[in-house]
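Engineer: Pasting model04.txt below, which is compact mmCIF, C-alpha atoms.
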```
# COMPACT_ATOMS: atom_id res chain seq x y z
CA MET E 227 79.19 91.75 93.10
CA TYR E 228 79.88 95.46 92.68
CA GLN E 229 79.20 97.18 89.38
CA ILE E 230 81.47 99.74 87.72
CA VAL E 231 79.17 102.71 87.12
CA SER E 232 81.62 105.07 85.45
CA LYS E 233 85.23 105.11 84.34
CA LYS E 234 87.61 107.73 83.00
CA SER E 235 91.34 108.34 82.60
CA LEU E 236 92.74 111.28 84.55
CA ASN E 237 96.09 110.96 82.80
CA SER E 238 98.09 108.26 81.02
CA THR E 239 98.65 106.24 84.20
CA VAL E 240 95.81 107.21 86.55
CA MET E 241 92.24 105.95 86.33
CA GLN E 242 89.05 106.99 88.12
CA MET E 243 86.13 104.63 88.69
CA GLU E 244 82.77 104.94 90.38
CA ILE E 245 81.61 101.70 92.02
CA TYR E 246 78.08 100.91 93.11
CA ALA E 247 78.50 99.96 96.77
CA PRO E 248 75.62 101.52 98.76
CA PHE E 249 76.57 100.16 102.18
CA VAL E 250 80.11 101.50 101.86
CA ALA E 251 78.88 104.84 100.49
CA LYS E 252 76.52 105.21 103.43
CA LYS E 253 79.34 105.17 106.00
CA ALA E 254 82.43 106.39 104.13
CA LYS E 255 84.37 109.44 105.32
CA ALA E 256 87.45 111.31 104.11
CA GLY E 257 90.69 109.51 104.90
CA GLN E 258 89.22 106.01 104.93
CA PHE E 259 89.87 103.23 102.43
CA VAL E 260 88.35 100.11 100.91
CA ILE E 261 89.75 96.72 100.00
CA LEU E 262 88.75 95.19 96.68
CA ARG E 263 89.58 92.23 94.48
CA VAL E 264 89.49 92.45 90.71
CA ASP E 265 88.49 88.81 90.30
CA GLU E 266 87.92 85.70 92.41
CA ASP E 267 91.59 84.72 92.32
CA GLY E 268 92.93 88.26 92.67
CA GLU E 269 94.94 89.81 95.48
CA ARG E 270 93.43 92.23 97.98
CA ILE E 271 94.01 95.86 96.97
CA PRO E 272 93.58 98.71 99.48
CA LEU E 273 92.46 101.95 97.83
CA THR E 274 91.53 105.19 99.52
CA VAL E 275 87.99 106.50 99.14
CA ALA E 276 88.35 109.41 96.71
CA GLY E 277 84.69 110.38 96.96
CA TYR E 278 81.20 109.07 97.58
CA ASP E 279 77.58 109.79 96.76
CA ARG E 280 75.28 108.53 99.48
CA GLU E 281 72.13 109.09 97.39
CA LYS E 282 73.44 107.19 94.36
CA GLY E 283 75.12 104.62 96.57
CA THR E 284 78.45 104.95 94.79
CA VAL E 285 82.06 105.21 95.90
CA THR E 286 84.78 106.80 93.77
CA ILE E 287 88.25 105.28 93.63
CA ILE E 288 91.32 106.66 91.88
CA PHE E 289 94.27 104.41 91.22
CA GLN E 290 97.54 104.29 89.33
CA LEU E 291 98.21 101.58 86.76
CA VAL E 292 101.38 100.50 88.49
CA GLY E 293 101.04 96.79 89.22
CA GLY E 294 99.42 93.67 87.85
CA SER E 295 96.16 94.00 89.80
CA THR E 296 95.61 97.70 89.11
CA MET E 297 96.24 97.07 85.41
CA ARG E 298 93.59 94.33 85.43
CA LEU E 299 91.20 96.67 87.23
CA GLY E 300 91.86 99.41 84.69
CA ALA E 301 91.07 97.00 81.87
CA LYS E 302 87.52 96.48 83.13
CA ASN E 303 84.70 98.44 81.52
CA VAL E 304 81.56 100.23 82.68
CA GLY E 305 78.84 97.72 83.44
CA GLU E 306 81.26 95.00 84.50
CA TYR E 307 81.59 93.82 88.08
CA ILE E 308 84.24 93.19 90.71
CA PRO E 309 83.57 90.49 93.34
CA ASP E 310 84.71 92.24 96.53
CA PHE E 311 84.57 95.84 97.73
CA VAL E 312 84.90 96.01 101.52
CA GLY E 313 84.87 99.08 103.75
CA PRO E 314 85.05 101.74 104.86
CA LEU E 315 88.22 100.85 106.80
CA GLY E 316 90.73 102.91 108.73
CA ARG E 317 90.24 105.99 110.85
CA PRO E 318 88.68 109.03 109.13
CA THR E 319 90.49 112.36 108.94
CA LYS E 320 89.77 114.66 111.87
CA VAL E 321 88.23 117.82 110.43
CA ASP E 322 86.61 119.42 113.48
CA GLY E 323 87.96 122.29 115.55
CA MET E 324 90.26 123.85 112.95
CA LYS E 325 90.10 127.19 111.16
CA LYS E 326 93.05 127.10 108.76
CA VAL E 327 94.68 124.02 107.25
CA CYS E 328 97.23 123.41 104.51
CA VAL E 329 96.75 120.25 102.45
CA VAL E 330 99.88 119.07 100.60
CA GLY E 331 99.44 116.38 97.95
CA GLY E 332 101.84 114.78 95.54
CA GLY E 333 101.19 112.74 92.39
CA VAL E 334 98.42 110.18 92.68
CA GLY E 335 98.35 110.99 96.41
CA CYS E 336 96.30 114.02 95.39
CA ALA E 337 93.40 111.62 94.91
CA ILE E 338 93.58 110.95 98.64
CA ALA E 339 94.18 114.60 99.54
CA LEU E 340 91.15 115.87 97.62
CA PRO E 341 88.41 114.36 99.83
CA VAL E 342 90.30 115.69 102.85
CA ALA E 343 90.33 119.20 101.38
CA ARG E 344 86.65 118.86 100.54
CA ALA E 345 85.69 117.66 104.03
CA LEU E 346 87.59 120.54 105.62
CA HIS E 347 86.01 123.05 103.24
CA GLU E 348 82.54 121.76 104.05
CA GLN E 349 83.30 122.32 107.74
CA GLY E 350 84.05 125.97 107.02
CA VAL E 351 87.82 125.57 107.30
CA GLU E 352 90.05 127.88 105.23
CA VAL E 353 92.00 125.45 103.05
CA THR E 354 95.29 126.13 101.31
CA SER E 355 96.21 123.36 98.88
CA ILE E 356 99.67 122.68 97.50
CA ILE E 357 99.76 119.96 94.86
CA GLY E 358 102.78 118.70 92.97
CA PHE E 359 103.50 116.51 89.95
CA ARG E 360 106.54 115.54 87.90
CA ASN E 361 105.22 117.30 84.79
CA LYS E 362 102.14 118.79 83.12
CA ASP E 363 101.00 115.47 81.62
CA LEU E 364 100.57 113.95 85.08
CA VAL E 365 98.44 116.74 86.60
CA ILE E 366 95.09 115.56 87.99
CA LEU E 367 92.16 117.11 89.89
CA GLU E 368 93.33 120.73 89.60
CA GLU E 369 89.81 122.10 89.11
CA GLU E 370 88.49 120.14 92.08
CA PHE E 371 91.22 121.41 94.40
CA THR E 372 90.53 124.96 93.29
CA THR E 373 86.85 124.49 94.14
CA TYR E 374 87.53 123.42 97.72
CA SER E 375 90.50 125.67 98.50
CA SER E 376 90.91 129.34 99.28
CA LYS E 377 94.36 129.21 97.66
CA THR E 378 95.85 126.55 95.40
CA TYR E 379 99.53 126.24 94.49
CA MET E 380 100.37 124.06 91.49
CA MET E 381 103.93 122.75 91.29
CA THR E 382 105.74 120.65 88.69
CA ASP E 383 109.28 119.34 88.94
CA ASP E 384 110.20 120.45 85.42
CA GLY E 385 108.23 123.71 85.39
CA SER E 386 106.04 122.58 82.49
CA TYR E 387 102.94 123.74 84.37
CA GLY E 388 102.32 125.99 87.34
CA GLU E 389 105.49 126.86 89.21
CA GLN E 390 108.72 124.91 89.01
CA GLY E 391 109.83 123.08 92.15
CA ASN E 392 108.56 120.61 94.71
CA VAL E 393 105.72 121.16 97.16
CA CYS E 394 108.09 122.22 99.94
CA VAL E 395 108.98 125.43 98.06
CA PRO E 396 105.64 127.27 98.50
CA LEU E 397 105.08 125.64 101.89
CA LYS E 398 108.36 126.99 103.24
CA THR E 399 107.69 130.41 101.70
CA LEU E 400 104.27 130.62 103.35
CA LEU E 401 105.67 129.66 106.75
CA GLU E 402 108.57 132.11 106.40
CA GLN E 403 106.07 134.86 105.60
CA GLY E 404 104.30 134.18 108.88
CA GLU E 405 101.38 132.10 107.66
CA ARG E 406 100.10 130.02 110.54
CA PHE E 407 98.12 126.85 110.01
CA ASP E 408 96.34 124.88 112.69
CA GLU E 409 97.58 121.82 110.86
CA VAL E 410 99.33 120.66 107.72
CA ILE E 411 98.07 117.41 106.17
CA THR E 412 100.35 115.72 103.66
CA ILE E 413 99.58 112.80 101.35
CA GLY E 414 101.85 111.51 98.61
CA PRO E 415 105.10 109.64 98.02
CA LEU E 416 106.95 108.74 101.21
CA ILE E 417 109.99 110.83 100.32
CA MET E 418 107.80 113.86 99.66
CA MET E 419 105.99 113.49 102.99
CA LYS E 420 109.33 113.11 104.79
CA PHE E 421 110.54 116.50 103.56
CA VAL E 422 107.19 118.18 104.11
CA CYS E 423 107.38 117.04 107.75
CA LEU E 424 110.98 118.22 108.08
CA THR E 425 109.92 121.62 106.75
CA THR E 426 106.97 122.04 109.12
CA LYS E 427 108.94 120.74 112.11
CA GLU E 428 111.31 123.66 111.72
CA TYR E 429 108.37 126.01 112.29
CA GLY E 430 106.59 123.94 114.94
CA VAL E 431 103.47 123.32 112.84
CA LYS E 432 101.50 120.17 113.63
CA THR E 433 101.63 117.85 110.62
CA ILE E 434 99.62 114.76 109.79
CA ALA E 435 100.94 112.30 107.22
CA SER E 436 98.84 109.63 105.53
CA MET E 437 100.74 106.35 105.32
CA ASN E 438 98.58 104.76 102.62
CA PRO E 439 101.60 104.17 100.33
CA ILE E 440 102.88 101.29 102.49
CA MET E 441 99.56 99.47 102.85
CA ILE E 442 98.97 96.05 101.28
CA ASP E 443 96.57 93.75 103.13
CA GLY E 444 94.55 96.44 104.88
CA THR E 445 93.67 94.46 108.02
CA GLY E 446 96.93 94.35 109.99
CA MET E 447 97.29 90.60 109.47
CA CYS E 448 100.07 90.70 106.86
CA GLY E 449 102.27 93.10 108.84
CA CYS E 450 103.47 94.83 105.67
CA CYS E 451 102.20 98.23 106.78
CA ARG E 452 104.16 98.07 110.02
CA LEU E 453 105.95 101.31 110.83
CA THR E 454 107.55 103.09 113.76
CA VAL E 455 105.79 106.14 115.17
CA GLY E 456 107.18 107.84 118.24
CA GLY E 457 109.36 104.80 118.91
CA GLN E 458 106.38 102.43 118.93
CA MET E 459 105.26 99.91 116.32
CA LYS E 460 102.04 100.84 114.54
CA PHE E 461 100.03 99.43 111.64
CA ALA E 462 98.96 101.92 108.99
CA CYS E 463 95.72 100.12 108.17
CA VAL E 464 94.25 99.71 111.67
CA ASP E 465 96.02 102.42 113.69
CA GLY E 466 95.96 104.95 110.86
CA PRO E 467 96.39 105.59 108.06
CA GLU E 468 97.11 109.07 109.44
CA PHE E 469 99.84 109.72 112.01
CA ASP E 470 101.83 112.58 113.52
CA GLY E 471 104.33 113.20 110.74
CA HIS E 472 106.99 114.44 113.12
CA GLU E 473 107.05 111.08 114.89
CA ILE E 474 107.18 108.77 111.86
CA ASP E 475 110.42 107.00 111.03
CA PHE E 476 110.27 107.73 107.29
CA ASP E 477 113.65 106.23 106.51
CA GLU E 478 112.48 102.87 107.85
CA ALA E 479 109.19 103.11 105.95
CA ILE E 480 110.94 104.00 102.69
CA SER E 481 113.40 101.13 103.07
CA ARG E 482 110.62 98.61 103.70
CA SER E 483 108.46 99.86 100.81
CA ASN E 484 111.33 99.36 98.36
CA ALA E 485 111.34 95.66 99.21
CA TYR E 486 108.30 95.11 96.96
CA ALA E 487 109.61 96.96 93.89
CA GLU E 488 110.95 93.89 92.07
CA PHE E 489 107.81 91.84 92.78
CA GLU E 490 105.58 94.65 91.47
CA LYS E 491 107.71 94.90 88.33
CA ARG E 492 107.30 91.19 87.59
CA GLU E 493 103.55 91.29 88.20
CA ARG E 494 103.18 94.33 85.95
CA GLU E 495 105.06 92.64 83.12
CA THR E 496 103.01 89.45 83.51
CA SER E 497 99.72 91.36 83.43
CA CYS E 498 100.83 93.36 80.38
CA ASN E 499 101.53 90.15 78.51
CA LEU E 500 98.21 88.58 79.51
CA LEU E 501 96.17 91.65 78.64
CA ASN E 502 97.89 91.98 75.28
CA LYS E 503 97.08 88.35 74.47
CA GLU E 504 93.44 88.93 75.40
CA VAL E 505 93.30 91.91 73.02
CA GLU E 506 94.86 89.85 70.22
```
Take the structure I supplied and represent it as structure tokens, if you would.
Structural biologist:
Amino acid sequence: MYQIVSKKSLNSTVMQMEIYAPFVAKKAKAGQFVILRVDEDGERIPLTVAGYDREKGTVTIIFQLVGGSTMRLGAKNVGEYIPDFVGPLGRPTKVDGMKKVCVVGGGVGCAIALPVARALHEQGVEVTSIIGFRNKDLVILEEEFTTYSSKTYMMTDDGSYGEQGNVCVPLKTLLEQGERFDEVITIGPLIMMKFVCLTTKEYGVKTIASMNPIMIDGTGMCGCCRLTVGGQMKFACVDGPEFDGHEIDFDEAISRSNAYAEFEKRERETSCNLLNKEVE
């Protein structure tokens, strides 16, 4: 059993938890993920490692209350336990041998982008971070990104905070002005990553995309994270989750991810009803 050590809301739909899992904390690296279950009968949920403290033996996870299982997880309190917390899984982000990197995060994907920015910063890499949200109320981790970045660009779709526009706006401006990055790393909604990769491809900048959004089982057995990279079939959980963004078939990945929308909606509604009854 794994105890919830701390819990806080980052915004109305995003929760952060610190889990006591010393064996996972000992080995975890940026870019990797864990698989957990909220209860004995629960489904397996893959969540990226958002941080870790090897001395305390804790792992930080950040998740969006979007489906039935994440809503049940969010309803748990400090001091309570979850039965399974397995990891670290996946290949860690490569942070060696680079001098200047741009990290582009969108929405809750910023929770995945932050440990990457931190790992690069700790390696002495000059990090430029571009983070985007739909509006001011959904902004998370701004202070943390500022800490680990030489420059931080905050974007909101409606202009309610930072600059108005999507993350491609400052990225394209920087590249047009002659800024040269050893690599661009993008993490966020599939459609956002698609256009980030289209933007960088125009300038010939190597781009890595994290395909966490399409992951379900986390072991390659379910096949749900199957995607096409460079014309070959890959599995996000065991071959990734990071791939050359210019070789990913994003249209295929987006189409396949939409197949679960109706199921997630039903599970969310069911969990809402159950949790409301428990409160009553």
Engineer: Can you work out which one of E:Arg280, E:Lys255, E:Arg298, E:Arg360 has the shortest atom-to-atom distance to E:Val321, counting all atoms listed in the file?
Structural biologist: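 Distance minimum relative to E:Val321 lands on E:Lys255.
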Engineer: Which one of E:Val312, E:Ile480, E:Val365, E:Leu236 sits closest to E:Gly332 if you count only C-alpha atoms?
Structural biologist: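 Looking at the shortest contact to E:Gly332, the residue is E:Val365.
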Engineer: Looking at E:Gly268, E:Gly331, E:Gly316, E:Gly293, which one is nearest to E:Phe469, with distances taken over all atoms listed in the file?
Structural biologist: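 Of E:Gly268, E:Gly331, E:Gly316, E:Gly293, the one nearest E:Phe469 is E:Gly316, counting all atoms listed in the file.
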Engineer: State, in Å with one decimal place, the distance from atom CA of E:Thr426 to atom CA of E:Asp465.
Structural biologist: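 If I compute the distance from atom CA of E:Thr426 to atom CA of E:Asp465, I get 22.9 Å.
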Engineer: So, counting only C-alpha atoms, which residue among E:Tyr278, E:Phe359, E:Phe407, E:Tyr307 is closest to E:Ala345?
Structural biologist: E:Tyr278
Engineer: Quick one: of E:Gly335, E:Pro309, E:Gly283, E:Gly391, who's nearest to E:Arg270, counting all atoms listed in the file?
Structural biologist: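 Smallest distance to E:Arg270 is found for E:Pro309.
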Engineer: The centre and edge lengths of an axis-aligned box containing all atoms of stretch 463-474 of chain E present in the file, extended by 3 Å on each side, are to be given in Å to one decimal, as lines of an AutoDock Vina configuration file.
Structural biologist:
```
center_x = 100.7
center_y = 107.1
center_z = 111.5
size_x = 18.9
size_y = 20.7
size_z = 12.8
```
Engineer: Under the rule that only C-alpha atoms are counted, which of E:Pro396, E:Gly257, E:Pro272, E:Gly456 is the nearest residue to E:Ser295?
Structural biologist: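 For E:Ser295, the nearest of the given residues is E:Pro272.
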Engineer: Quick one: distance from atom CA of E:Asp363 to atom CA of E:Asn237 in Å, one decimal?
Structural biologist: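 These two atoms are separated by 6.8 Å.
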Engineer: Determine, counting all atoms listed in the file, which protein, DNA and RNA residues have an atom within 9 Å of an atom of E:Asp408; residues of the same chain fewer than 6 positions away are not included. Present the result as an MDAnalysis selection string.
Structural biologist: chainID E and resid 324:328 431:432
Engineer: Need the shell around E:Asp470: protein/DNA/RNA residues with any atom at most 8 Å away, counting all atoms listed in the file. Skip same-chain ones fewer than 3 positions apart. Format as a VMD selection string?
Structural biologist: chain E and resid 432 to 435 455 473 to 474
Engineer: List the spatial neighbours of stretch 262-264 of chain E as a PDB file with C-alpha atoms, in the frame of the given file - criterion: any atom at most 6 Å away, all atoms listed in the file, same-chain residues fewer than 3 positions off excluded.
Structural biologist:
```
ATOM      1  CA  GLY E 268      92.930  88.260  92.670  1.00  0.00           C
ATOM      2  CA  GLU E 269      94.940  89.810  95.480  1.00  0.00           C
ATOM      3  CA  ARG E 270      93.430  92.230  97.980  1.00  0.00           C
ATOM      4  CA  ILE E 271      94.010  95.860  96.970  1.00  0.00           C
ATOM      5  CA  LEU E 299      91.200  96.670  87.230  1.00  0.00           C
ATOM      6  CA  ILE E 308      84.240  93.190  90.710  1.00  0.00           C
ATOM      7  CA  ASP E 310      84.710  92.240  96.530  1.00  0.00           C
ATOM      8  CA  PHE E 311      84.570  95.840  97.730  1.00  0.00           C
TER       9      PHE E 311
END
```
